[in-house]
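What follows is the content of model.txt (compact mmCIF, C-alpha atoms).
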```txt
# COMPACT_ATOMS: atom_id res chain seq x y z
CA MET A 1 11.68 14.20 15.40
CA THR A 2 11.52 10.84 17.13
CA TYR A 3 8.33 8.83 17.34
CA LYS A 4 8.49 8.57 21.11
CA THR A 5 6.75 11.89 21.71
CA LYS A 6 2.99 12.39 21.65
CA GLU A 7 3.09 14.95 18.88
CA SER A 8 5.28 12.80 16.61
CA ARG A 9 3.04 9.77 17.08
CA LEU A 10 0.00 11.93 16.40
CA PHE A 11 1.53 13.24 13.17
CA LEU A 12 2.39 9.70 12.06
CA VAL A 13 -1.14 8.41 12.71
CA LEU A 14 -2.88 11.37 11.06
CA GLY A 15 -0.54 11.31 8.07
CA ALA A 16 -0.90 7.55 7.57
CA PHE A 17 -4.69 7.83 7.78
CA LEU A 18 -4.74 10.67 5.23
CA ILE A 19 -2.54 8.81 2.73
CA ALA A 20 -4.37 5.50 3.20
CA ASN A 21 -7.72 7.15 2.49
CA ALA A 22 -6.31 9.00 -0.54
CA ILE A 23 -5.09 5.73 -2.06
CA LEU A 24 -8.32 3.94 -1.19
CA ALA A 25 -10.35 6.68 -2.88
CA GLU A 26 -8.47 6.15 -6.12
CA PHE A 27 -9.12 2.42 -6.26
CA ILE A 28 -12.69 2.23 -4.97
CA GLY A 29 -13.54 5.24 -7.14
CA VAL A 30 -14.01 3.02 -10.18
CA LYS A 31 -17.39 1.97 -8.78
CA ILE A 32 -20.26 4.35 -9.51
CA PHE A 33 -23.12 4.15 -7.03
CA THR A 34 -26.49 5.82 -6.81
CA VAL A 35 -26.99 7.94 -3.71
CA GLU A 36 -30.77 7.85 -4.01
CA GLY A 37 -30.76 4.08 -4.46
CA SER A 38 -28.47 3.62 -1.47
CA LEU A 39 -30.82 5.74 0.65
CA GLY A 40 -33.90 3.98 -0.73
CA ILE A 41 -35.43 7.13 -2.25
CA GLN A 42 -36.61 7.98 -5.76
CA LYS A 43 -34.07 9.40 -8.23
CA PHE A 44 -34.21 13.15 -8.75
CA ASP A 45 -33.87 13.08 -12.59
CA MET A 46 -32.92 16.75 -12.88
CA ASN A 47 -32.31 18.79 -16.04
CA MET A 48 -29.43 21.26 -15.95
CA PHE A 49 -27.78 23.22 -18.78
CA GLY A 50 -29.70 21.06 -21.22
CA VAL A 51 -28.31 17.83 -19.77
CA PRO A 52 -31.31 15.58 -18.92
CA ASP A 53 -31.90 12.84 -16.37
CA LEU A 54 -29.26 13.97 -13.89
CA SER A 55 -29.24 12.19 -10.56
CA PHE A 56 -26.71 11.61 -7.81
CA ASN A 57 -24.55 8.93 -9.39
CA MET A 58 -21.26 9.25 -7.53
CA SER A 59 -17.84 7.65 -7.59
CA ALA A 60 -17.37 5.47 -4.52
CA GLY A 61 -14.24 7.52 -3.88
CA VAL A 62 -16.44 10.18 -2.27
CA VAL A 63 -16.79 7.82 0.71
CA THR A 64 -13.25 8.54 1.90
CA TRP A 65 -12.67 12.07 0.54
CA PRO A 66 -14.50 13.80 3.43
CA LEU A 67 -12.18 11.96 5.83
CA ILE A 68 -9.16 13.14 3.83
CA PHE A 69 -10.19 16.77 4.14
CA ILE A 70 -10.92 16.40 7.85
CA MET A 71 -7.44 14.94 8.34
CA THR A 72 -6.02 17.78 6.23
CA ASP A 73 -7.66 20.39 8.46
CA ILE A 74 -6.64 18.64 11.67
CA ILE A 75 -3.01 18.34 10.52
CA ASN A 76 -3.14 21.97 9.41
CA GLU A 77 -4.45 22.97 12.83
CA TYR A 78 -1.72 21.23 14.83
CA PHE A 79 1.25 21.05 12.46
CA GLY A 80 0.86 23.82 9.88
CA ILE A 81 0.87 24.29 6.12
CA LYS A 82 4.31 22.82 5.42
CA GLN A 83 3.43 19.45 6.90
CA VAL A 84 0.15 19.27 4.97
CA ARG A 85 2.00 20.07 1.75
CA PHE A 86 4.58 17.40 2.51
CA LEU A 87 1.90 14.76 3.13
CA SER A 88 -0.09 15.82 0.05
CA ILE A 89 2.92 15.49 -2.24
CA LEU A 90 3.86 12.18 -0.61
CA ALA A 91 0.29 10.91 -1.11
CA ALA A 92 0.38 11.91 -4.80
CA ILE A 93 3.70 10.10 -5.25
CA LEU A 94 2.39 6.97 -3.55
CA ILE A 95 -0.83 7.03 -5.61
CA THR A 96 1.28 7.21 -8.77
CA TYR A 97 3.47 4.38 -7.50
CA ALA A 98 0.38 2.29 -6.73
CA PHE A 99 -0.94 2.73 -10.27
CA PHE A 100 2.41 1.66 -11.73
CA VAL A 101 2.38 -1.48 -9.56
CA VAL A 102 -1.21 -2.25 -10.57
CA GLY A 103 -0.32 -1.72 -14.23
CA PHE A 104 2.53 -4.18 -13.87
CA ALA A 105 0.23 -6.71 -12.15
CA MET A 106 -2.31 -6.38 -14.95
CA ASN A 107 0.32 -7.44 -17.48
CA LEU A 108 1.30 -10.61 -15.60
CA ALA A 109 0.18 -13.80 -17.36
CA PRO A 110 -2.79 -15.23 -15.42
CA SER A 111 -2.85 -18.85 -14.26
CA ASP A 112 -5.20 -21.02 -16.31
CA PHE A 113 -7.15 -22.34 -13.30
CA TRP A 114 -7.79 -18.79 -12.02
CA VAL A 115 -9.15 -17.15 -15.19
CA ASN A 116 -12.60 -18.74 -15.35
CA GLN A 117 -14.41 -18.70 -12.03
CA THR A 118 -18.01 -18.89 -10.88
CA VAL A 119 -18.97 -16.12 -8.48
CA ASN A 120 -22.49 -16.00 -7.01
CA GLY A 121 -23.64 -18.37 -9.72
CA GLN A 122 -22.22 -16.31 -12.59
CA ALA A 123 -19.31 -17.23 -14.85
CA ILE A 124 -16.59 -14.59 -14.51
CA ASN A 125 -13.39 -14.06 -16.44
CA MET A 126 -11.26 -13.04 -13.47
CA ASN A 127 -8.47 -11.52 -15.55
CA ASN A 128 -10.90 -9.26 -17.43
CA ALA A 129 -12.61 -8.33 -14.17
CA PHE A 130 -9.28 -7.49 -12.56
CA SER A 131 -8.32 -5.26 -15.49
CA ALA A 132 -11.75 -3.60 -15.58
CA ILE A 133 -11.65 -2.76 -11.88
CA PHE A 134 -8.05 -1.65 -11.52
CA GLY A 135 -7.29 -0.49 -15.06
CA GLN A 136 -8.40 3.13 -14.84
CA GLY A 137 -7.59 5.32 -17.85
CA MET A 138 -4.50 7.51 -17.76
CA TRP A 139 -6.56 10.69 -18.10
CA ILE A 140 -8.62 9.79 -15.04
CA ILE A 141 -5.48 8.99 -13.05
CA VAL A 142 -3.79 12.25 -14.02
CA GLY A 143 -6.97 14.23 -13.41
CA SER A 144 -7.54 12.76 -9.97
CA ILE A 145 -3.94 13.35 -8.85
CA ILE A 146 -3.90 16.95 -10.11
CA ALA A 147 -7.30 17.61 -8.53
CA PHE A 148 -6.08 16.14 -5.23
CA LEU A 149 -2.97 18.35 -5.14
CA ILE A 150 -4.81 21.53 -6.13
CA GLY A 151 -7.60 20.81 -3.67
CA GLN A 152 -5.15 20.22 -0.83
CA MET A 153 -3.23 23.43 -1.54
CA VAL A 154 -6.43 25.48 -1.71
CA ASP A 155 -7.68 23.88 1.50
CA VAL A 156 -4.62 24.80 3.58
CA ILE A 157 -4.39 28.36 2.24
CA ILE A 158 -8.05 29.18 2.91
CA PHE A 159 -7.87 27.44 6.30
CA HIS A 160 -5.03 29.69 7.44
CA ARG A 161 -6.51 32.86 5.99
CA ILE A 162 -9.74 32.30 7.89
CA LYS A 163 -7.76 31.45 11.03
CA LYS A 164 -5.74 34.68 10.79
CA THR A 165 -9.02 36.61 10.68
CA THR A 166 -10.93 34.73 13.39
CA GLY A 167 -8.09 33.51 15.63
CA GLU A 168 -8.74 30.29 17.52
CA ARG A 169 -12.52 30.77 17.36
CA PHE A 170 -14.85 29.20 14.81
CA LEU A 171 -13.06 25.94 14.07
CA TRP A 172 -16.12 24.91 12.06
CA LEU A 173 -15.79 27.98 9.83
CA ARG A 174 -12.15 27.54 8.85
CA ALA A 175 -12.38 23.76 8.54
CA THR A 176 -15.72 23.50 6.75
CA GLY A 177 -15.13 26.66 4.71
CA SER A 178 -11.77 25.47 3.43
CA THR A 179 -13.19 22.02 2.69
CA LEU A 180 -16.12 23.43 0.72
CA ALA A 181 -13.77 25.57 -1.39
CA SER A 182 -11.34 22.74 -2.08
CA GLN A 183 -14.14 20.26 -2.83
CA PHE A 184 -15.58 22.71 -5.35
CA ILE A 185 -12.30 22.74 -7.26
CA ASP A 186 -11.84 18.97 -6.92
CA SER A 187 -15.35 18.34 -8.30
CA PHE A 188 -14.62 20.11 -11.58
CA VAL A 189 -10.90 19.50 -12.18
CA VAL A 190 -11.23 15.70 -12.44
CA ILE A 191 -14.17 15.90 -14.84
CA PHE A 192 -12.51 18.61 -16.94
CA ILE A 193 -9.27 16.68 -17.38
CA ALA A 194 -10.71 13.16 -17.65
CA PHE A 195 -13.69 13.86 -19.89
CA TYR A 196 -13.44 17.33 -21.46
CA ILE A 197 -9.85 17.63 -22.67
CA ASN A 198 -9.49 13.86 -23.06
CA PRO A 199 -9.79 13.23 -26.82
CA GLN A 200 -11.47 9.86 -26.19
CA TYR A 201 -14.59 11.63 -24.92
CA ASN A 202 -16.78 14.32 -26.43
CA TRP A 203 -18.13 15.95 -23.30
CA THR A 204 -19.38 19.52 -23.69
CA TRP A 205 -18.79 22.24 -21.12
CA GLN A 206 -22.50 21.96 -20.28
CA MET A 207 -22.00 18.32 -19.28
CA VAL A 208 -18.91 19.20 -17.24
CA ALA A 209 -20.77 22.02 -15.48
CA ALA A 210 -23.94 20.00 -14.83
CA ILE A 211 -22.24 16.87 -13.51
CA GLY A 212 -19.72 18.96 -11.56
CA ILE A 213 -22.52 20.84 -9.81
CA VAL A 214 -24.35 17.60 -8.97
CA ASN A 215 -21.14 16.12 -7.54
CA TYR A 216 -20.38 19.28 -5.57
CA SER A 217 -23.92 19.42 -4.17
CA TYR A 218 -23.41 15.98 -2.66
CA LYS A 219 -19.98 16.91 -1.28
CA PHE A 220 -21.37 20.18 0.13
CA VAL A 221 -24.02 18.38 2.15
CA VAL A 222 -21.58 15.72 3.37
CA ALA A 223 -19.02 18.36 4.42
CA ILE A 224 -21.66 20.10 6.56
CA LEU A 225 -22.77 16.81 8.10
CA MET A 226 -19.15 15.89 8.92
CA THR A 227 -18.60 19.02 11.03
CA PRO A 228 -19.50 17.29 14.33
CA LEU A 229 -16.93 14.58 13.53
CA LEU A 230 -14.30 17.30 13.12
CA TYR A 231 -15.04 18.60 16.62
CA GLY A 232 -15.02 15.06 17.98
CA VAL A 233 -11.57 14.32 16.52
CA HIS A 234 -10.30 17.70 17.73
CA SER A 235 -11.54 16.95 21.25
CA ILE A 236 -9.92 13.49 21.30
CA ILE A 237 -6.59 14.95 20.17
CA ASP A 238 -6.72 17.71 22.77
CA LYS A 239 -7.29 15.13 25.50
CA TYR A 240 -4.47 12.96 24.17
CA LEU A 241 -1.98 15.83 23.97
CA GLY A 242 -3.08 17.70 27.06
CA THR A 243 -3.99 21.39 27.18
CA GLU A 244 -0.44 22.72 27.35
CA LEU A 245 1.02 20.67 24.48
CA SER A 246 -2.10 21.14 22.34
CA SER A 247 -1.96 24.92 22.70
CA LYS A 248 1.76 24.92 21.97
CA LEU A 249 1.36 22.93 18.74
CA ILE A 250 -1.51 25.11 17.54
CA ALA A 251 0.49 28.26 18.23
CA GLU A 252 3.54 26.90 16.38
CA ALA A 253 1.37 25.76 13.44
CA ARG A 254 -0.04 29.27 13.12
CA LYS A 255 3.47 30.71 12.78
CA ALA A 256 4.67 28.09 10.28
```
Do you think you could lay out the structure here as structure tokens?
Amino acid sequence: MTYKTKESRLFLVLGAFLIANAILAEFIGVKIFTVEGSLGIQKFDMNMFGVPDLSFNMSAGVVTWPLIFIMTDIINEYFGIKQVRFLSILAAILITYAFFVVGFAMNLAPSDFWVNQTVNGQAINMNNAFSAIFGQGMWIIVGSIIAFLIGQMVDVIIFHRIKKTTGERFLWLRATGSTLASQFIDSFVVIFIAFYINPQYNWTWQMVAAIGIVNYSYKFVVAILMTPLLYGVHSIIDKYLGTELSSKLIAEARKA
């Protein structure tokens, strides 16, 4: 494949966007934000499985994950399962590489003039801040990578099974359905690995279940709301490729 053809350039752009968002999700995910606070509404403060005061406190990584699954479904639609698997494994390798580089950077001796800074009127130890932001625990890193790979594999399998049943109709069903299934798994795998089996934490299965359901509820709503974007991207790609080439790629992807 040369990158002079429309389909090869399309694959490069979609793949790069998927991997970039996957890496971004890992690093911005250290910030926990309140959905209700961001929307300017009162916190829900739910009680589930005996876990009190639950509200929608989400990792900032959820900002890019819907885009990752849209890219996954689009690549699946035009290039097939094998290409999605290739990009998913490549993304996992690059995420791991990024964490190794960050770990190395954290161990570099900081310059004296850089350590103590004043930011927005507050004294900040920049080296501690750098380590706090980028120094995610190994269990969280492993959990997020495993969840990503499992979620991607589930997504492509369900996508193609729905497509075999419905044919070219109901893009929303195969794309949104596969995303909802993969997001369900992703919501629980990370928490289970990072906080349940991790000996540093004492989370009960009730906490895993309750927080997992809250996280999935948010992802469920976002996945539904993102459906129009999926159709918009699909339409742009069809116009870029042209009807004949678009149909050819989709047909070949179905056979792959």
- Query: For Val214 (chain A), which residue among A:Tyr201, A:Phe184, A:Phe104, A:Tyr78 is the nearest when counting all atoms listed in the file?
  - Reply: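 Among the listed residues, A:Phe184 lies closest to Val214 (chain A).
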- Item | Nearby residues (all atoms listed in the file) at most 8 Å from Lys163 (chain A), same-chain spacing under 5 positions excluded, as a PyMOL selection string | chain A and resi 168-169+174
- Extract, using only C-alpha atoms, all DNA, RNA and protein residues at most 7 Å from region 105-112 of chain A, discarding same-chain residues fewer than 3 positions from it, and format them as a PyMOL selection string. chain A and resi 101-102+115+127+131
- Task: Write out as a list in words the residues lying within 10 Å of Tyr216 (chain A), counting only C-alpha atoms and excluding same-chain residues fewer than 6 positions away.
- Result: Leu180, Gln183, Phe184, Ile185, Asp186, Ser187, Phe188, Ala210 and Val222 of chain A
Take the residues that were just selected and, keeping C-alpha atoms, output them as a PDB file, keeping the file's coordinate frame.
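Listed below is the output, result.pdb:
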```pdb
ATOM      1  CA  LEU A 180     -16.120  23.430   0.720  1.00  0.00           C
ATOM      2  CA  GLN A 183     -14.140  20.260  -2.830  1.00  0.00           C
ATOM      3  CA  PHE A 184     -15.580  22.710  -5.350  1.00  0.00           C
ATOM      4  CA  ILE A 185     -12.300  22.740  -7.260  1.00  0.00           C
ATOM      5  CA  ASP A 186     -11.840  18.970  -6.920  1.00  0.00           C
ATOM      6  CA  SER A 187     -15.350  18.340  -8.300  1.00  0.00           C
ATOM      7  CA  PHE A 188     -14.620  20.110 -11.580  1.00  0.00           C
ATOM      8  CA  ALA A 210     -23.940  20.000 -14.830  1.00  0.00           C
ATOM      9  CA  VAL A 222     -21.580  15.720   3.370  1.00  0.00           C
TER      10      VAL A 222
END
```
- Can you list, as number ranges by chain, every protein, DNA or RNA residue that comes within 12 Å of Val13 (chain A) when you count only C-alpha atoms, leaving out same-chain residues fewer than 6 positions away? A: 3, 6-7, 19-20, 71, 74-75, 87, 237
- Can you list, as a list of chain:residue names, every protein, DNA or RNA residue that comes within 9 Å of Val156 (chain A) when you count all atoms listed in the file, leaving out same-chain residues fewer than 4 positions away?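 Result of the neighbour search: A:Thr72, A:Asp73, A:Asn76, A:Gly80, A:Ile81, A:Val84, A:Arg85, A:Gly151, A:Gln152, A:His160, A:Arg161, A:Ser178.
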- Query: For Gly232 (chain A), which of A:Trp205, A:Tyr196, A:Phe33, A:Trp172 is the closest residue, counting all atoms listed in the file?
  - Reply: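 So, comparing all the options, the nearest one is A:Trp172.
Take the candidates A:Val221, A:Ala22, A:Leu12, A:Val233 and check each one against Ser88 (chain A) using all atoms listed in the file; the shortest distance goes to A:Ala22.
Between CA of Gln122 (chain A) and CA of Val30 (chain A) the separation is 21.1 Å.
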- Measuring atom to atom with only C-alpha atoms, identify which of A:Ala175, A:Ile23, A:Ile146, A:Leu90 is nearest to Ala223 (chain A).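 Closest residue, counting only C-alpha atoms: A:Ala175.
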- Message: Taking all atoms listed in the file into account, name the residue in A:Met226, A:Ile250, A:Ile211, A:Ala91 that is nearest to Pro52 (chain A).
- Response: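 Smallest separation from Pro52 (chain A) among the options: A:Ile211.
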Could you tell me, as a short mmCIF file (atom, residue, chain, number, x, y, z; two decimals) with C-alpha atoms, keeping the file's coordinate frame, which residues have any atom at most 10 Å from (-30.0, 9.9, -13.4), counting only C-alpha atoms?
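Produced file out32.cif, reproduced below:
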```
data_model
loop_
_atom_site.label_atom_id
_atom_site.label_comp_id
_atom_site.auth_asym_id
_atom_site.auth_seq_id
_atom_site.Cartn_x
_atom_site.Cartn_y
_atom_site.Cartn_z
CA THR A 34 -26.49 5.82 -6.81
CA GLU A 36 -30.77 7.85 -4.01
CA LYS A 43 -34.07 9.40 -8.23
CA PHE A 44 -34.21 13.15 -8.75
CA ASP A 45 -33.87 13.08 -12.59
CA MET A 46 -32.92 16.75 -12.88
CA ASN A 47 -32.31 18.79 -16.04
CA PRO A 52 -31.31 15.58 -18.92
CA ASP A 53 -31.90 12.84 -16.37
CA LEU A 54 -29.26 13.97 -13.89
CA SER A 55 -29.24 12.19 -10.56
CA PHE A 56 -26.71 11.61 -7.81
CA ASN A 57 -24.55 8.93 -9.39
#
```
- Item | Point-to-point distance from CA of Gln136 (chain A) to CA of Phe195 (chain A), Å rounded to tenths | 13.0 Å
- Task: Go through A:Ser182, A:Ser8, A:Gln206, A:Asn21 one by one, measure the shortest atom-to-atom distance of each to Leu67 (chain A) using all atoms listed in the file, and give the residue with the smallest value.
- Result: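 For Leu67 (chain A), the nearest of the given residues is A:Asn21.
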- Item | Atom-to-atom span, CA of Glu244 (chain A) and CA of Pro228 (chain A), Å |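 Distance reported for this atom pair: 23.7 Å.
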